[in-house]
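Participant: Starting off with a structure, shown below.
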Amino acid sequence: MSRRLLVVLCAAIYTFLMLPLVVVFPISFSSALYMQFPPPGFSLQWYERYLDDPQWIDATVRSLYIGGATAVLALALGVPLAFSLARGRFAGRLLVDRIALAPLVVPTIILSVGLYGLFAKLKLIGEWYGLVAAHTVLALPFVVLVTVAGLRDFDRALEQAAEGLGAGRVQTLLRVTLPLLRPSLVSAGLLAFISSFDELVVALFLAGPNMTLPKKMFDNIMMEIDPTIAAVSVMQILLVSIVLVLIGRFGRGLQGSAR
Amino acid sequence: MASRSADLEVEGLVKRFGEVVALDGVSLDIASGELLTILGPSGSGKTTLLKVVAGFETPDAGAVKVDGIDITTMPPAKRDIGMVFQNYALFPHLTVARNVAFPLEMRNAPRAEIDKRVGEALNLVELKGFENRLPRQLSGGQQQRVALARAIVFNPRLLLLDEPFGALDRKLRETMQLEVRRLQRRLGLTTVFITHDQEEALVLSDRIAVMNRGAIQQVASTTEIYERPANDFVADFVGESNIFHGTVTETGSVTLESGRRLLITHSAPVGSRVGVLMRPERFGRGPNTFNGEIREAVYLGSSLKLRLACDDGLELIVRLPVTGPLPASGSRISTGIEPESIHVF
């Protein structure tokens with residue numbers, strides 16, 4: 001009985017979550033000139049419009065490299081931070097731990113307003129690397145959480161074994177520790193990428209005229225409502241889905257066991 | 001593989017972890033080519049000793065010397081010591097061949113030599129054909145062999161084994177013990193073996209060092225440890241034993257605390273307090289006779305183990321050959337022991 005209830009409840013939640021997709025996907029292939037559901041016929045016109053519009057392509061490419069750069073920077077900062085948090089013993093470790101996770105707690109709008117003031121002075125508004133810096137702050141907690149979880153499960157006897165067999169500190173790190181941590185690092189990097197690729201609020205404040213994909217979508221909705229937005233959404237959903245599949249295949253989740 | 005086996009010397013090692021004294025002045029000499037077992041209960045400090053020798057722990061005092069050269073502060077990577085860990089510590093992301101090649105790669109050996117030596121080492125542990133497996137595709141015994149091959153492939157000066165057979169079932173453990181023994185003899189490799197299993201220690205060792213509470217209790221050959229333990233702890237920890245205390249009242253005779261007199265061959269000075277050890281399997285006949293009631297009889301297949309309450313108040317564990325039907329508990333029995341079978345310490 002309770003099992004059946006659970007199934008019904010899960011089905012309901014799943015449907016609720018998936019319903020938007022049921023609307024978005026058909027509309028993106030609509031032959032109508034405005035949002036209409038169900039669509040009267042099939043057409044690829046909105047995908048064509050997206051692909052023919054240099055502004056959309058620009059925004060997409062910009063989002064891709066900002067996301068990529070964010071992932072790289074967040075890993076470069078977050079992985080050493082995770083090592084020191086998981087293994088270090090220093091005064092203020094707990095404080096650093098909390099600060100590292102603070103971006104999860106602080107409302108993004110507060111962060112955006114603060115960054116806007118700072119970046120305006122530094123002339124970083126509208127620069128892609130300014131946005132990368134801001135997105136890195138938001139992505140850092142994901143990298144730290146995932147990497148610390150990976151390090152917690154790490155069998156340090158393996159590092160001792162490597163050293164005993166003749167590997168120096170750097171060799172041990174490169175040949176044993178990082179390769180074994182790779183699933184966590186892959187997850188961390190891809191999560192950082194997604195968090196940047198999907199991010200709107202910070203981009204609204206800091207992107208200036210150089211729009212990221214979410215900001216372009218937002219502006220587009222403000223100006224004109226046509227099914228292009230649905231086509232773009234479908235593309236975005238597919239890309240993020242691919243990344244999530246990659247995480248499932250090559251990465252590991254927060255709780256997942258190491259093979 | 002040409003052996004470049006070294007002798008090992010540890011002098012006055014002290015290591016504290018907060019309040020706990022893990023090593024309390026440990027000194028040991030291990031000759032080149034010798035297999036020495038460090039035997040002790042968990043928490044006796046034996047693993048700490050091994051970690052200090054391997055370089056994973058720095059002692060608070062004392063020195064570790066290999067071939068007379070002080071290596072106490074040398075990083076583990078430079079020590080040239082092969083080690084087999086309790087849970088093997090095989091690199092899970094590397095194949096068997098790459099695991100075994102690891103120490104050679106770290107020493108920048110040429111590719112051809114690496115391949116040759118890895119082949120030899122895998123041959124030695126009878127794992128030819130498993131080169132491309134991952135550790136998780138191997139059984140416990142096979143993983144153990146890979147760990148062993150990896151520890152000897154670079155021709156180390158010393159081999160350390162930290163309870164390597166703990167996770168194996170009894171049969172496999174016995175096979176591996178003999179295999180390690182054979183390999184160690186063949187390579188002439190100075191080896192320090194750690195275990196809490198006294199039987200394993202007796203099977204494997206040239207000499208045994210019994211440890212307790214961070215101190216060496218006795219270092220001696222296997223027979224010496226078993227037949228002539230230095231103190232209560234060693235007598236009790238290695239093998240089954242009947243231990244009593246008493247005073248030497250005249251030459252060749254000791255009076256136990258219960259008042260019972262035993263004939264001994266030991267020439268301890270009259271008046272000295274001594275410990276007396278009688279191994280259960282040494283009973284049979286002899287001038288020291290014991291009459292008593294069987295409290296418990298256990299059939300062990302090859303022998304009979306009895307718990308005997310003697311008329312003079314002593315409680316004895318006695319092993320006797322199986323001759324007839326199992327004696328009932330409560331029945332009376334008479335047995336004896338020769339003076340030369342009684343060890344006095």
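Ligands are numbered from 1 in the order shown, chains are lettered A, B, ... in the order of the structure tokens, and residues start at 1 in each chain.
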Counting only C-alpha atoms, collect the residues of chain B whose closest atom lies at most 6 Å from chain A, and write them out as a list of chain:residue names.
Facilitator: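 Residues passing the distance filter: B:Pro76, B:Ala77, B:Ala89, B:Pro103, B:Met106.
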Participant: Measure the distance from CA of Leu190 (chain A) to CA of Ala133 (chain A) in Å and round it to one decimal.
Facilitator: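 So the answer is 16.8 Å.
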Participant: Taking the chain letters and numbering used in this document, name the residues of region 89-190 of chain B that DSSP puts in helix (DSSP H, G or I), as number ranges by chain.
Facilitator: B: 96-106, 111-124, 135-137, 140-152, 170-187
Participant: Determine which residues of region 37-172 of chain B receive a DSSP assignment of strand (DSSP E or B), computed from the backbone, and state them as a list in words.
Facilitator: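 Selecting the strand (DSSP E or B) positions of region 37-172 of chain B gives Thr37, Ile38, Leu39, Ala61, Gly62, Ala63, Val64, Lys65, Val66, Ile69, Asp70, Ile81, Gly82, Met83, Val84, Phe85, Tyr88, Leu158, Leu159, Leu160, Leu161 and Asp162 of chain B.
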Participant: Would you kindly return, as a ChimeraX atom specification, each protein, DNA or RNA residue with an atom no farther than 9 Å from any atom of Pro135 (chain B), considering only C-alpha atoms and excluding same-chain residues fewer than 5 positions away?
Facilitator: /B:90-96,99,142-143,146
Participant: Which residue gives the smallest distance to Met83 (chain B) among B:Pro287, B:Pro229, B:Pro164, B:Gly33, with only C-alpha atoms counted?
Facilitator: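 Of B:Pro287, B:Pro229, B:Pro164, B:Gly33, the one nearest Met83 (chain B) is B:Pro164, counting only C-alpha atoms.
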Participant: Let me make sure I understand: among B:Thr37, B:Ser221, B:Ser27, B:Thr323, which one has the smallest atom-to-atom distance to Arg181 (chain B) if we use only C-alpha atoms?
Facilitator: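 For Arg181 (chain B), the nearest of the given residues is B:Thr37.
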Participant: Please provide as a PyMOL selection string all residues within 7 Å of region 324-330 of chain B, with the sequence filter that same-chain residues fewer than 5 positions apart are discarded (counting only C-alpha atoms).
Facilitator: chain B and resi 293-297
Participant: Can you write out the residues you just picked, keeping C-alpha atoms, as a CSV table (one decimal), in the first residue's frame?
Facilitator:
```csv
chain,number,residue,atom,x,y,z
B,293,GLU,CA,39.4,-34.3,37.8
B,294,ILE,CA,38.6,-33.4,34.1
B,295,ARG,CA,36.6,-30.3,34.0
B,296,GLU,CA,36.3,-30.1,30.2
B,297,ALA,CA,37.4,-32.3,27.4
```
Participant: Using only C-alpha atoms, determine which residues lie at most 10 Å from region 238-246 of chain B, disregarding the query and same-chain residues fewer than 6 positions distant; provide the list as a ChimeraX atom specification.
Facilitator: /B:39-40,196-199,201-202,210,222,225-227,229,231-232,254-262,271-281,314-319,343-345
Participant: If we count only C-alpha atoms, what is near Tyr65 (chain A) at a cut-off of 12 Å, once residues fewer than 6 positions away on the same chain are taken out, given as a PyMOL selection string?
Facilitator: chain A and resi 58-59+71-73+128-129+131-132+193-194+196-197+212-213
Participant: So that I have them on file, write out the residues from the current selection with C-alpha atoms, as a CSV table (one decimal), in the first residue's frame.
Facilitator:
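Dumped to part18.csv:
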```csv
chain,number,residue,atom,x,y,z
A,58,ASP,CA,27.3,35.1,-30.6
A,59,ALA,CA,25.5,34.7,-27.2
A,71,ALA,CA,35.1,25.5,-15.0
A,72,VAL,CA,38.8,25.8,-15.5
A,73,LEU,CA,39.2,28.6,-13.0
A,128,TRP,CA,33.8,38.3,-20.6
A,129,TYR,CA,36.6,37.7,-18.1
A,131,LEU,CA,31.8,37.5,-15.9
A,132,VAL,CA,34.1,34.5,-15.6
A,193,PHE,CA,30.3,24.7,-16.4
A,194,ILE,CA,26.5,24.2,-16.0
A,196,SER,CA,27.8,29.3,-15.4
A,197,PHE,CA,26.1,28.3,-18.6
A,212,THR,CA,25.3,35.5,-22.6
A,213,LEU,CA,22.7,33.0,-23.8
```
Participant: Smallest atom-to-atom distance to Ile208 (chain B): which of B:Val234, B:Leu320, B:Leu187, B:Leu36, using only C-alpha atoms?
Facilitator: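 Among B:Val234, B:Leu320, B:Leu187, B:Leu36, it is B:Leu36 that comes nearest to Ile208 (chain B).
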Participant: Neighbouring residues of region 104-120 of chain A were defined as those with any atom within 7 Å, considering only C-alpha atoms; residues of the same chain fewer than 6 positions away were excluded. Please report them as a PyMOL selection string.
Facilitator: chain A and resi 141+201-202+205-206
Participant: Take CA of Phe237 (chain B) and CA of Val203 (chain B) and report the distance between them in Å, one decimal.
Facilitator: 15.6 Å
